[in-house]
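Student: Data file protein_7.cif (mmCIF, C-alpha atoms and all ligand atoms) is appended below.
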```cif
data_query
#
loop_
_atom_site.label_atom_id
_atom_site.label_comp_id
_atom_site.auth_asym_id
_atom_site.auth_seq_id
_atom_site.Cartn_x
_atom_site.Cartn_y
_atom_site.Cartn_z
CA MET V 1 0.00 0.00 0.00
CA LEU V 2 2.71 2.48 1.09
CA LYS V 3 4.90 1.37 -1.77
CA ASN V 4 2.02 1.89 -4.22
CA LEU V 5 1.37 5.34 -2.82
CA LYS V 6 5.06 6.22 -3.24
CA ILE V 7 5.05 5.10 -6.86
CA LYS V 8 1.86 7.13 -7.43
CA ASN V 9 3.49 10.19 -5.79
CA ASP V 10 6.62 9.81 -7.88
CA THR V 11 4.53 9.47 -11.02
CA LEU V 12 2.55 12.56 -10.03
CA ARG V 13 5.72 14.50 -9.39
CA TYR V 14 7.13 13.40 -12.70
CA CYS V 15 3.90 14.47 -14.50
CA ILE V 16 3.92 17.87 -12.77
CA ALA V 17 7.59 18.38 -13.67
CA LEU V 18 6.88 17.39 -17.27
CA CYS V 19 3.91 19.79 -17.46
CA CYS V 20 5.97 22.62 -15.97
CA THR V 21 8.78 21.98 -18.44
CA PHE V 22 6.24 21.95 -21.27
CA ILE V 23 4.63 25.19 -20.09
CA PHE V 24 8.03 26.85 -19.68
CA VAL V 25 9.30 25.72 -23.08
CA SER V 26 6.09 26.55 -24.92
CA CYS V 27 5.19 29.78 -23.12
CA GLY V 28 8.50 30.98 -21.62
CA ARG V 29 8.39 33.20 -18.57
CA SER V 30 5.33 35.27 -17.89
CA LEU V 31 5.67 38.90 -16.84
CA ARG V 32 6.40 38.80 -13.12
CA THR V 33 6.48 41.45 -10.43
CA HIS V 34 9.78 41.90 -8.66
CA LYS V 35 10.79 42.91 -5.15
CA TYR V 36 13.77 45.22 -4.71
CA VAL V 37 16.02 46.06 -1.76
CA LYS V 38 15.32 49.75 -2.41
CA PRO V 39 11.67 49.84 -3.57
CA VAL V 40 10.12 53.02 -4.95
CA ASN V 41 6.47 54.07 -4.82
CA THR V 42 5.49 54.70 -8.43
CA GLU V 43 1.78 55.37 -8.00
CA THR V 44 0.59 58.22 -10.17
CA LYS V 45 1.06 61.77 -8.87
CA ALA V 46 -0.32 65.05 -10.19
CA ILE V 47 1.71 67.17 -12.57
CA GLN V 48 1.42 70.82 -13.51
CA TYR V 49 0.88 71.56 -17.18
CA GLN V 50 2.52 74.72 -18.53
CA GLN V 51 0.27 77.30 -20.12
CA LYS V 52 0.86 77.31 -23.88
CA LYS V 53 1.26 80.93 -24.80
CA LEU V 54 2.79 83.56 -27.07
CA TYR V 55 4.40 86.38 -25.06
CA SER V 56 4.90 89.71 -26.87
CA ILE V 57 6.78 92.47 -25.03
CA ASP V 58 8.31 95.59 -26.67
CA GLY V 59 8.54 93.94 -30.11
CA ILE V 60 10.09 90.71 -28.71
CA HIS V 61 7.95 87.61 -29.27
CA VAL V 62 8.46 84.31 -27.42
CA THR V 63 6.40 81.13 -27.62
CA ASN V 64 6.18 77.66 -26.12
CA LYS V 65 3.49 76.51 -28.54
CA PHE V 66 5.29 73.47 -29.97
CA PRO V 67 6.15 69.93 -28.84
CA ALA V 68 9.03 69.65 -26.35
CA ALA V 69 8.74 73.34 -25.39
CA ARG V 70 9.09 74.43 -21.77
CA LEU V 71 8.65 78.04 -20.75
CA ASN V 72 6.44 78.75 -17.74
CA ASN V 73 6.60 82.52 -17.79
CA PHE V 74 8.32 85.34 -19.69
CA GLU V 75 8.56 88.90 -18.41
CA LYS V 76 10.59 92.08 -18.81
CA LEU V 77 13.23 92.94 -16.21
CA ASN V 78 14.59 96.09 -17.94
CA ASP V 79 14.99 97.48 -21.48
CA SER V 80 17.36 94.74 -22.59
CA THR V 81 16.79 91.90 -20.13
CA PHE V 82 13.96 89.39 -19.85
CA LEU V 83 13.20 86.71 -17.29
CA ALA V 84 12.27 83.22 -18.54
CA THR V 85 10.93 81.03 -15.72
CA ILE V 86 11.37 77.28 -16.09
CA THR V 87 9.54 75.11 -13.53
CA PRO V 88 9.35 71.31 -13.19
CA GLU V 89 6.25 69.20 -13.88
CA ASN V 90 6.16 68.18 -10.19
CA THR V 91 8.51 67.71 -7.26
CA PRO V 92 10.64 66.16 -5.89
CA ILE V 93 12.48 65.60 -9.13
CA ASN V 94 16.02 65.06 -10.41
CA PRO V 95 17.93 68.25 -11.22
CA SER V 96 17.56 68.19 -15.00
CA PRO V 97 15.74 71.41 -15.89
CA TRP V 98 14.73 71.20 -19.53
CA TYR V 99 13.75 74.36 -21.40
CA ALA V 100 12.83 75.12 -24.99
CA PHE V 101 11.21 78.15 -26.61
CA LYS V 102 11.21 80.06 -29.88
CA LEU V 103 11.74 83.79 -30.16
CA TRP V 104 11.92 86.56 -32.76
CA SER V 105 12.00 90.35 -32.76
CA ASN V 106 10.54 93.16 -34.84
CA GLN V 107 14.03 94.71 -34.87
CA THR V 108 17.43 93.06 -35.08
CA LYS V 109 19.21 93.44 -31.74
CA ASP V 110 20.97 91.73 -28.84
CA ILE V 111 18.93 90.95 -25.76
CA TYR V 112 19.61 89.19 -22.47
CA VAL V 113 17.39 86.34 -21.28
CA LYS V 114 17.74 85.11 -17.73
CA LEU V 115 16.76 81.46 -17.31
CA HIS V 116 15.29 81.25 -13.84
CA TYR V 117 14.75 77.94 -12.07
CA PRO V 118 12.74 77.74 -8.85
CA GLU V 119 13.92 76.53 -5.44
CA LYS V 120 17.05 74.40 -5.48
CA TYR V 121 17.03 73.71 -9.22
CA LYS V 122 19.95 75.14 -11.17
CA HIS V 123 21.11 75.61 -14.71
CA ARG V 124 22.43 72.39 -16.22
CA TYR V 125 22.11 72.32 -20.02
CA ASN V 126 24.06 74.82 -22.08
CA PRO V 127 21.70 76.32 -24.68
CA LYS V 128 21.51 74.97 -28.20
CA LEU V 129 20.33 77.30 -30.97
CA SER V 130 18.63 76.57 -34.26
CA TYR V 131 16.82 78.42 -37.06
CA ASP V 132 14.99 75.37 -38.40
CA GLY V 133 14.56 72.99 -35.46
CA GLU V 134 16.86 70.46 -37.15
CA ASN V 135 20.35 71.94 -37.25
CA TRP V 136 21.68 73.02 -33.86
CA ASN V 137 24.72 74.83 -32.50
CA ALA V 138 25.70 75.44 -28.90
CA LEU V 139 25.51 79.06 -27.73
CA ASP V 140 29.05 80.42 -27.39
CA SER V 141 30.18 80.09 -23.77
CA THR V 142 31.22 83.78 -23.74
CA LYS V 143 27.49 84.61 -24.02
CA ILE V 144 26.45 82.68 -20.89
CA TRP V 145 26.84 83.93 -17.31
CA LEU V 146 25.90 81.88 -14.28
CA ASP V 147 24.22 83.66 -11.41
CA GLU V 148 25.46 82.18 -8.12
CA GLN V 149 25.74 78.81 -9.89
CA LYS V 150 21.97 78.72 -10.26
CA ASP V 151 20.25 80.84 -12.91
CA ALA V 152 21.83 81.55 -16.30
CA LEU V 153 21.95 84.84 -18.21
CA LEU V 154 22.11 84.38 -22.00
CA LYS V 155 23.02 86.98 -24.61
CA LEU V 156 20.94 86.29 -27.71
CA HIS V 157 21.01 87.92 -31.12
CA VAL V 158 17.37 88.22 -32.22
CA THR V 159 16.00 89.05 -35.65
CA GLN V 160 12.73 88.61 -37.50
CA ASP V 161 13.74 84.97 -38.16
CA THR V 162 12.53 82.50 -35.56
CA LEU V 163 15.32 81.41 -33.23
CA TRP V 164 14.89 78.14 -31.33
CA VAL V 165 16.57 78.00 -27.92
CA ALA V 166 16.60 74.62 -26.17
CA ALA V 167 18.42 72.69 -23.46
CA GLN V 168 19.44 70.04 -26.01
CA GLU V 169 18.59 69.30 -29.64
CA ILE V 170 14.86 68.69 -29.95
CA GLN V 171 14.02 65.04 -30.57
CA ASP V 172 10.26 64.94 -30.08
CA THR V 173 7.80 62.17 -30.97
CA LYS V 174 7.41 63.35 -34.55
CA ARG V 175 11.18 63.37 -35.13
CA VAL V 176 11.72 59.97 -33.50
CA GLU V 177 8.99 58.51 -35.69
CA ALA V 178 10.55 60.06 -38.83
CA TRP V 179 13.91 58.54 -37.91
CA ALA V 180 12.51 55.06 -37.22
CA SER V 181 10.25 55.19 -40.25
CA ALA V 182 13.15 55.98 -42.61
CA LEU V 183 14.99 52.84 -41.41
CA GLN V 184 12.20 50.46 -42.40
CA GLY V 185 13.22 47.85 -44.95
CA ASN V 186 13.86 44.15 -45.47
CA SER V 187 15.38 43.64 -42.04
CA VAL V 188 13.50 46.36 -40.13
CA SER V 189 9.82 46.81 -39.34
CA LEU V 190 8.23 49.61 -37.33
CA ASP V 191 5.07 49.22 -35.31
CA THR V 192 3.13 50.87 -32.50
CA ILE V 193 2.52 48.58 -29.52
CA GLY V 194 0.18 50.87 -27.65
CA LYS V 195 -0.30 54.42 -26.49
CA SER V 196 0.95 56.67 -23.73
CA VAL V 197 -1.53 58.09 -21.22
CA LEU V 198 -2.14 61.10 -23.49
CA GLY V 199 -2.46 58.93 -26.60
CA ARG V 200 1.00 59.23 -28.16
CA PRO V 201 2.42 56.14 -29.91
CA LEU V 202 4.79 53.72 -28.19
CA PHE V 203 7.11 52.66 -31.04
CA PHE V 204 8.65 49.24 -31.56
CA MET V 205 11.21 48.24 -34.18
CA ASN V 206 11.83 44.59 -34.97
CA ILE V 207 15.24 44.04 -36.56
CA THR V 208 16.42 40.72 -37.99
CA ASN V 209 17.02 38.98 -41.31
CA GLY V 210 13.99 36.79 -42.12
CA SER V 211 12.27 34.87 -39.32
CA SER V 212 12.65 35.91 -35.67
CA LYS V 213 11.98 32.34 -34.48
CA LYS V 214 14.22 30.99 -31.75
CA LYS V 215 16.88 33.65 -32.28
CA PRO V 216 18.77 34.90 -29.23
CA THR V 217 17.74 38.50 -28.67
CA VAL V 218 19.01 41.94 -27.71
CA ILE V 219 16.55 44.58 -26.42
CA ILE V 220 17.32 48.30 -26.77
CA ILE V 221 15.35 51.13 -25.13
CA SER V 222 15.68 54.91 -24.77
CA ARG V 223 14.11 58.19 -23.58
CA GLN V 224 12.58 57.23 -20.27
CA HIS V 225 13.89 60.63 -19.22
CA PRO V 226 12.93 63.42 -21.64
CA PRO V 227 16.02 65.70 -21.54
CA GLU V 228 18.43 62.81 -22.10
CA VAL V 229 18.96 63.49 -25.77
CA THR V 230 22.67 62.61 -25.89
CA GLY V 231 21.89 59.01 -24.87
CA PHE V 232 19.24 58.92 -27.55
CA LEU V 233 21.78 60.14 -30.15
CA ALA V 234 24.11 57.27 -29.16
CA MET V 235 21.18 54.84 -29.44
CA LYS V 236 20.43 56.11 -32.97
CA SER V 237 23.98 55.50 -34.11
CA PHE V 238 24.03 52.10 -32.33
CA VAL V 239 20.83 50.93 -34.05
CA GLU V 240 21.81 52.33 -37.46
CA THR V 241 25.10 50.40 -37.25
CA ILE V 242 23.33 47.15 -36.37
CA ILE V 243 21.10 47.61 -39.42
CA ASP V 244 23.87 48.72 -41.82
CA GLU V 245 26.47 46.16 -40.86
CA GLY V 246 24.40 43.43 -39.19
CA LYS V 247 22.46 42.78 -42.38
CA ASN V 248 25.61 41.53 -44.08
CA ASN V 249 27.98 40.31 -41.37
CA GLY V 250 25.76 37.43 -40.24
CA PHE V 251 24.57 39.13 -37.03
CA LEU V 252 20.96 39.60 -38.10
CA ASP V 253 20.86 36.06 -39.53
CA LYS V 254 21.62 34.75 -36.05
CA TYR V 255 20.09 37.39 -33.72
CA ARG V 256 16.91 39.38 -33.24
CA VAL V 257 16.98 42.99 -31.98
CA LEU V 258 13.94 44.71 -30.44
CA VAL V 259 14.11 48.51 -30.20
CA TYR V 260 11.77 50.75 -28.18
CA PRO V 261 13.25 54.18 -29.02
CA LEU V 262 10.86 56.43 -27.08
CA LEU V 263 9.43 55.13 -23.81
CA ASN V 264 8.12 58.46 -22.53
CA PRO V 265 6.60 60.35 -25.50
CA ASP V 266 4.30 62.45 -23.29
CA GLY V 267 7.18 63.63 -21.11
CA VAL V 268 9.26 64.43 -24.18
CA ASP V 269 6.53 66.39 -25.98
CA LEU V 270 5.48 68.20 -22.79
CA GLY V 271 9.07 69.33 -22.21
CA HIS V 272 9.36 67.59 -18.83
CA TYR V 273 12.38 67.67 -16.54
CA ARG V 274 12.17 63.90 -16.01
CA HIS V 275 8.76 62.32 -15.41
CA ASN V 276 5.84 61.01 -17.48
CA THR V 277 2.29 62.37 -17.20
CA GLY V 278 1.86 60.12 -14.17
CA GLY V 279 4.41 62.39 -12.49
CA ILE V 280 6.75 59.43 -12.02
CA ASP V 281 10.35 58.58 -12.88
CA MET V 282 9.63 55.69 -15.23
CA ASN V 283 13.01 54.10 -14.56
CA ARG V 284 11.84 53.26 -11.02
CA ASP V 285 8.68 51.46 -12.14
CA TRP V 286 10.18 48.17 -13.36
CA SER V 287 8.73 46.17 -10.47
CA VAL V 288 4.94 46.39 -10.25
CA TYR V 289 4.26 48.40 -13.44
CA ASN V 290 2.07 51.20 -12.10
CA GLN V 291 2.68 53.40 -15.12
CA PRO V 292 0.78 52.42 -18.30
CA GLU V 293 3.80 52.98 -20.57
CA ILE V 294 6.03 50.61 -18.56
CA ALA V 295 3.18 48.10 -18.16
CA GLN V 296 2.60 47.94 -21.91
CA ILE V 297 6.26 47.85 -22.93
CA THR V 298 7.28 45.11 -20.48
CA LYS V 299 4.24 43.04 -21.43
CA HIS V 300 5.10 43.42 -25.09
CA MET V 301 8.75 42.41 -24.56
CA VAL V 302 7.71 39.26 -22.71
CA LYS V 303 4.93 38.36 -25.14
CA GLU V 304 7.05 38.89 -28.26
CA THR V 305 10.02 36.92 -26.98
CA ASN V 306 7.80 34.09 -25.74
CA LYS V 307 5.91 33.91 -29.01
CA GLN V 308 9.10 33.64 -31.06
CA ARG V 309 10.87 31.55 -28.39
CA ASN V 310 13.69 34.07 -28.09
CA ASP V 311 16.29 33.85 -25.39
CA VAL V 312 16.91 37.46 -24.26
CA LEU V 313 20.66 37.79 -23.62
CA LEU V 314 21.14 41.51 -23.34
CA GLY V 315 19.11 44.64 -22.50
CA LEU V 316 20.58 48.11 -23.15
CA ASP V 317 18.94 51.30 -21.90
CA PHE V 318 20.35 54.59 -23.28
CA HIS V 319 20.41 57.63 -20.96
CA SER V 320 22.37 60.83 -20.31
CA THR V 321 24.10 62.16 -17.23
CA TYR V 322 26.99 64.52 -16.39
CA GLN V 323 29.58 62.22 -17.98
CA ASP V 324 29.92 59.08 -20.08
CA VAL V 325 29.48 56.00 -17.86
CA TYR V 326 28.16 52.44 -18.06
CA TYR V 327 26.00 51.17 -15.19
CA THR V 328 26.69 47.45 -15.37
CA PRO V 329 25.84 44.34 -13.35
CA HIS V 330 28.14 43.64 -10.39
CA LYS V 331 30.08 40.38 -10.62
CA ILE V 332 27.77 38.78 -8.03
CA ILE V 333 24.76 39.14 -10.37
CA GLU V 334 24.08 35.82 -12.05
CA ARG V 335 23.33 36.21 -15.71
CA LYS V 336 23.63 34.75 -19.18
CA ILE V 337 26.83 35.72 -21.05
CA PRO V 338 28.58 36.82 -17.82
CA GLU V 339 31.82 37.52 -19.73
CA PHE V 340 30.11 39.94 -22.10
CA LYS V 341 30.34 43.15 -20.06
CA ASP V 342 34.13 43.24 -19.55
CA ALA V 343 34.87 42.01 -23.06
CA TRP V 344 32.52 44.53 -24.65
CA LEU V 345 33.80 47.53 -22.68
CA GLU V 346 37.39 46.55 -23.47
CA LYS V 347 36.59 46.34 -27.19
CA ILE V 348 34.97 49.80 -27.01
CA ARG V 349 37.93 51.22 -25.07
CA ILE V 350 40.41 49.95 -27.68
CA ALA V 351 38.30 51.10 -30.64
CA LEU V 352 38.04 54.62 -29.18
CA ASN V 353 41.68 54.69 -28.08
CA LEU V 354 40.68 55.58 -24.50
CA GLU V 355 42.91 55.07 -21.48
CA THR V 356 40.05 53.88 -19.32
CA ILE V 357 36.35 53.33 -19.64
CA ASN V 358 33.93 54.42 -16.95
CA ASP V 359 32.33 51.22 -15.61
CA SER V 360 30.08 51.48 -12.56
CA PRO V 361 28.82 48.07 -11.40
CA GLY V 362 25.64 47.81 -9.33
CA LYS V 363 23.73 45.10 -7.48
CA ASN V 364 20.26 45.56 -9.01
CA GLU V 365 18.84 47.03 -5.82
CA ARG V 366 16.48 49.53 -7.44
CA PRO V 367 13.57 48.87 -9.84
CA THR V 368 15.32 50.06 -13.00
CA SER V 369 15.21 48.62 -16.50
CA SER V 370 18.70 47.13 -16.23
CA ALA V 371 17.77 45.24 -13.05
CA TRP V 372 14.53 44.10 -14.69
CA PHE V 373 16.28 42.69 -17.78
CA ASN V 374 18.27 40.55 -15.41
CA ARG V 375 15.40 39.48 -13.16
CA GLN V 376 12.88 38.88 -15.90
CA PHE V 377 15.11 37.21 -18.49
CA GLY V 378 18.39 36.41 -16.70
CA ALA V 379 19.93 38.82 -19.21
CA THR V 380 22.83 41.24 -18.83
CA GLY V 381 21.19 44.64 -18.25
CA ILE V 382 23.29 47.74 -18.88
CA THR V 383 22.43 51.44 -18.60
CA TYR V 384 24.38 53.23 -21.30
CA GLU V 385 24.95 56.82 -20.17
CA ILE V 386 26.32 59.63 -22.33
CA GLY V 387 27.47 62.96 -20.89
CA ASP V 388 25.28 66.02 -21.45
CA ASP V 389 28.16 67.82 -23.20
CA THR V 390 29.88 64.90 -24.91
CA PRO V 391 30.77 66.10 -28.44
CA ARG V 392 28.13 64.99 -30.92
CA ASP V 393 30.56 63.50 -33.45
CA PHE V 394 32.14 61.44 -30.65
CA ILE V 395 28.67 60.24 -29.56
CA LYS V 396 28.04 59.01 -33.09
CA THR V 397 31.40 57.22 -33.28
CA LYS V 398 30.89 55.72 -29.82
CA GLY V 399 27.45 54.42 -30.75
CA LYS V 400 28.88 52.86 -33.88
CA VAL V 401 31.91 51.16 -32.33
CA SER V 402 29.78 49.91 -29.41
CA ALA V 403 27.42 48.23 -31.86
CA GLN V 404 30.33 46.74 -33.79
CA ALA V 405 31.91 45.46 -30.56
CA MET V 406 28.60 43.91 -29.43
CA MET V 407 28.07 42.18 -32.77
CA ASN V 408 31.67 40.88 -32.87
CA TYR V 409 31.33 39.40 -29.39
CA LEU V 410 27.92 37.84 -29.94
CA LEU V 411 28.91 36.40 -33.33
CA GLU V 412 31.81 34.58 -31.66
CA LEU V 413 29.56 32.91 -29.07
ZN ZN B 1 18.17 58.77 -17.29
#
```
Show me, as structure tokens, the structure contained in the file I just sent.
Ligand SMILES: [Zn+2]

Tutor:
Amino acid sequence: MLKNLKIKNDTLRYCIALCCTFIFVSCGRSLRTHKYVKPVNTETKAIQYQQKKLYSIDGIHVTNKFPAARLNNFEKLNDSTFLATITPENTPINPSPWYAFKLWSNQTKDIYVKLHYPEKYKHRYNPKLSYDGENWNALDSTKIWLDEQKDALLKLHVTQDTLWVAAQEIQDTKRVEAWASALQGNSVSLDTIGKSVLGRPLFFMNITNGSSKKKPTVIIISRQHPPEVTGFLAMKSFVETIIDEGKNNGFLDKYRVLVYPLLNPDGVDLGHYRHNTGGIDMNRDWSVYNQPEIAQITKHMVKETNKQRNDVLLGLDFHSTYQDVYYTPHKIIERKIPEFKDAWLEKIRIALNLETINDSPGKNERPTSSAWFNRQFGATGITYEIGDDTPRDFIKTKGKVSAQAMMNYLLEL
């Protein structure tokens, strides 16, 4: 009797194990919630919308009526000086005060515009100027004065032509879509997987030669944080290189690449300092998915890679900060391709002829995308940070050589 029961139990256990294996192999891992050592409350908070307005004072005209603009007030201080107030969408918030406005004048002249940030927030991004919204140049540093390391006084030459002044080059939803759309072809498709809270598209690019089935996969994301344009520029060059060279070097025959180039389209088009319309730092929501953008994107990543039976090896999230740095998994973090990180960074270092490369390992304690890639897929998750002022031609080169180094490494696996 006991013996029979034991055989039955063993058989049952065997059947359960077999079923579990079948479910895992056929369906992969479902989207799970994750607990972190340093959790963050990401429930929606109120934000303040800026008033969209044209200000006209003494023949000077200034507007924030365009996507990615941020100008909360504009007033005259004296005959030649104006005060432009730039406030965040809500607080507390990281010190990354984004601004963007257009201005023109009835008469050609030089004026001074003081960028004023409230409370503890201080000037961070040196102004970029443009006459068409596409071609940008930094304002000469001799025309910028910092007021007690906080506000910034700018000397601007204004004419009847519209001058764009922005914290960084404008890369709004429309421009990101135009970029992704132009890359479509045999190996690249572009789709929308859902919508942001305010109805803007969440883009998804699928990159591979032919079928995606069973190919090991790399996931690339960008623009959780609206002002972080330099990281986005590196991502563009990275993805363009994968398409250009990966089509022919065997990489896209063997691998699949999923790209989500704009995770926070509302924040970008509303000219936010950092958050989405839920008033939340999206890169702290990769645990319970309170924010609809993160909920949809993570669900899509899991569904797509399960459907095509892809093994996700690597997740790269492009950002910007004060300097170039890679936030990488600490050696104690178990992951697939554990040798990748050091080998990749060394290849990049050599290709760029750098003495050192800025590697900052972490232990996945906070609910960020890089921790999530590891917890959800067992992948190597890396946050790829570019400095705010890193020269643009270097960003392009760095994006390119990083993609080449990644492809070389993965092709040798
Ligand atoms: Zn960031």

Student: Excluding Gln296 in chain V and any residue of its chain fewer than 2 positions from it, enumerate the residues within 10 Å of it, using only C-alpha atoms, and give them as a list in words.

Tutor: Ile193, Gly194, Lys195, Ser196, Leu202, Tyr289, Gln291, Pro292, Glu293, Ile294, Thr298, Lys299, His300 and Met301 of chain V

Student: From the options V:Tyr99, V:Tyr327, V:Phe377, V:Trp344, which residue's atoms come nearest to ligand ZN 1 (chain B), counting all atoms listed in the file?

Tutor: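 Answer, going by the shortest atom-to-atom distance: V:Tyr327.
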
Student: Can I get the residues close to ligand ZN 1 (chain B) as a ChimeraX atom specification, where close means within 6 Å and we count only C-alpha atoms and all ligand atoms?

Tutor: /V:225,319-320

Student: As an exercise, work out the distance from CA of Thr356 in chain V to CA of Val325 in chain V in Å and give it to one decimal place.

Tutor: 10.9 Å

Student: At what distance in Å, to one decimal, does CA of Gly279 in chain V lie from CA of Val165 in chain V?

Tutor: 25.1 Å

Student: Save range 55-73 of chain V of the structure in the block above to a file, with N, CA and C atoms included, as a PDB file, in the first residue's frame.

Tutor:
```pdb
ATOM      1  N   TYR V  55       4.147  85.149 -25.832  1.00  0.00           N
ATOM      2  CA  TYR V  55       4.401  86.375 -25.058  1.00  0.00           C
ATOM      3  C   TYR V  55       4.948  87.430 -26.026  1.00  0.00           C
ATOM      4  N   SER V  56       4.366  88.619 -26.028  1.00  0.00           N
ATOM      5  CA  SER V  56       4.896  89.709 -26.869  1.00  0.00           C
ATOM      6  C   SER V  56       5.137  90.926 -25.987  1.00  0.00           C
ATOM      7  N   ILE V  57       6.415  91.329 -25.888  1.00  0.00           N
ATOM      8  CA  ILE V  57       6.779  92.472 -25.032  1.00  0.00           C
ATOM      9  C   ILE V  57       7.755  93.359 -25.807  1.00  0.00           C
ATOM     10  N   ASP V  58       7.426  94.604 -26.009  1.00  0.00           N
ATOM     11  CA  ASP V  58       8.307  95.590 -26.674  1.00  0.00           C
ATOM     12  C   ASP V  58       8.884  95.066 -27.997  1.00  0.00           C
ATOM     13  N   GLY V  59       8.070  94.424 -28.791  1.00  0.00           N
ATOM     14  CA  GLY V  59       8.544  93.941 -30.106  1.00  0.00           C
ATOM     15  C   GLY V  59       9.327  92.640 -30.054  1.00  0.00           C
ATOM     16  N   ILE V  60       9.450  92.042 -28.860  1.00  0.00           N
ATOM     17  CA  ILE V  60      10.089  90.715 -28.711  1.00  0.00           C
ATOM     18  C   ILE V  60       8.954  89.699 -28.541  1.00  0.00           C
ATOM     19  N   HIS V  61       9.019  88.609 -29.317  1.00  0.00           N
ATOM     20  CA  HIS V  61       7.953  87.606 -29.268  1.00  0.00           C
ATOM     21  C   HIS V  61       8.557  86.254 -28.885  1.00  0.00           C
ATOM     22  N   VAL V  62       7.944  85.589 -27.916  1.00  0.00           N
ATOM     23  CA  VAL V  62       8.462  84.314 -27.417  1.00  0.00           C
ATOM     24  C   VAL V  62       7.293  83.348 -27.271  1.00  0.00           C
ATOM     25  N   THR V  63       7.489  82.100 -27.726  1.00  0.00           N
ATOM     26  CA  THR V  63       6.397  81.134 -27.624  1.00  0.00           C
ATOM     27  C   THR V  63       6.879  79.762 -27.150  1.00  0.00           C
ATOM     28  N   ASN V  64       5.942  79.072 -26.497  1.00  0.00           N
ATOM     29  CA  ASN V  64       6.176  77.665 -26.125  1.00  0.00           C
ATOM     30  C   ASN V  64       5.130  76.775 -26.799  1.00  0.00           C
ATOM     31  N   LYS V  65       4.549  77.274 -27.880  1.00  0.00           N
ATOM     32  CA  LYS V  65       3.490  76.509 -28.539  1.00  0.00           C
ATOM     33  C   LYS V  65       4.069  75.547 -29.566  1.00  0.00           C
ATOM     34  N   PHE V  66       4.782  74.536 -29.082  1.00  0.00           N
ATOM     35  CA  PHE V  66       5.295  73.473 -29.973  1.00  0.00           C
ATOM     36  C   PHE V  66       5.727  72.294 -29.094  1.00  0.00           C
ATOM     37  N   PRO V  67       5.777  71.089 -29.656  1.00  0.00           N
ATOM     38  CA  PRO V  67       6.153  69.932 -28.844  1.00  0.00           C
ATOM     39  C   PRO V  67       7.579  70.059 -28.308  1.00  0.00           C
ATOM     40  N   ALA V  68       7.751  69.640 -27.085  1.00  0.00           N
ATOM     41  CA  ALA V  68       9.029  69.652 -26.348  1.00  0.00           C
ATOM     42  C   ALA V  68       9.360  71.023 -25.753  1.00  0.00           C
ATOM     43  N   ALA V  69       8.485  72.010 -25.964  1.00  0.00           N
ATOM     44  CA  ALA V  69       8.740  73.338 -25.393  1.00  0.00           C
ATOM     45  C   ALA V  69       8.593  73.306 -23.875  1.00  0.00           C
ATOM     46  N   ARG V  70       9.346  74.159 -23.200  1.00  0.00           N
ATOM     47  CA  ARG V  70       9.091  74.433 -21.774  1.00  0.00           C
ATOM     48  C   ARG V  70       9.479  75.868 -21.476  1.00  0.00           C
ATOM     49  N   LEU V  71       8.478  76.646 -21.153  1.00  0.00           N
ATOM     50  CA  LEU V  71       8.654  78.045 -20.745  1.00  0.00           C
ATOM     51  C   LEU V  71       7.414  78.361 -19.918  1.00  0.00           C
ATOM     52  N   ASN V  72       7.598  78.590 -18.619  1.00  0.00           N
ATOM     53  CA  ASN V  72       6.444  78.746 -17.740  1.00  0.00           C
ATOM     54  C   ASN V  72       6.036  80.193 -17.524  1.00  0.00           C
ATOM     55  N   ASN V  73       6.965  81.103 -17.835  1.00  0.00           N
ATOM     56  CA  ASN V  73       6.600  82.521 -17.790  1.00  0.00           C
ATOM     57  C   ASN V  73       7.705  83.309 -18.479  1.00  0.00           C
TER      58      ASN V  73
END
```
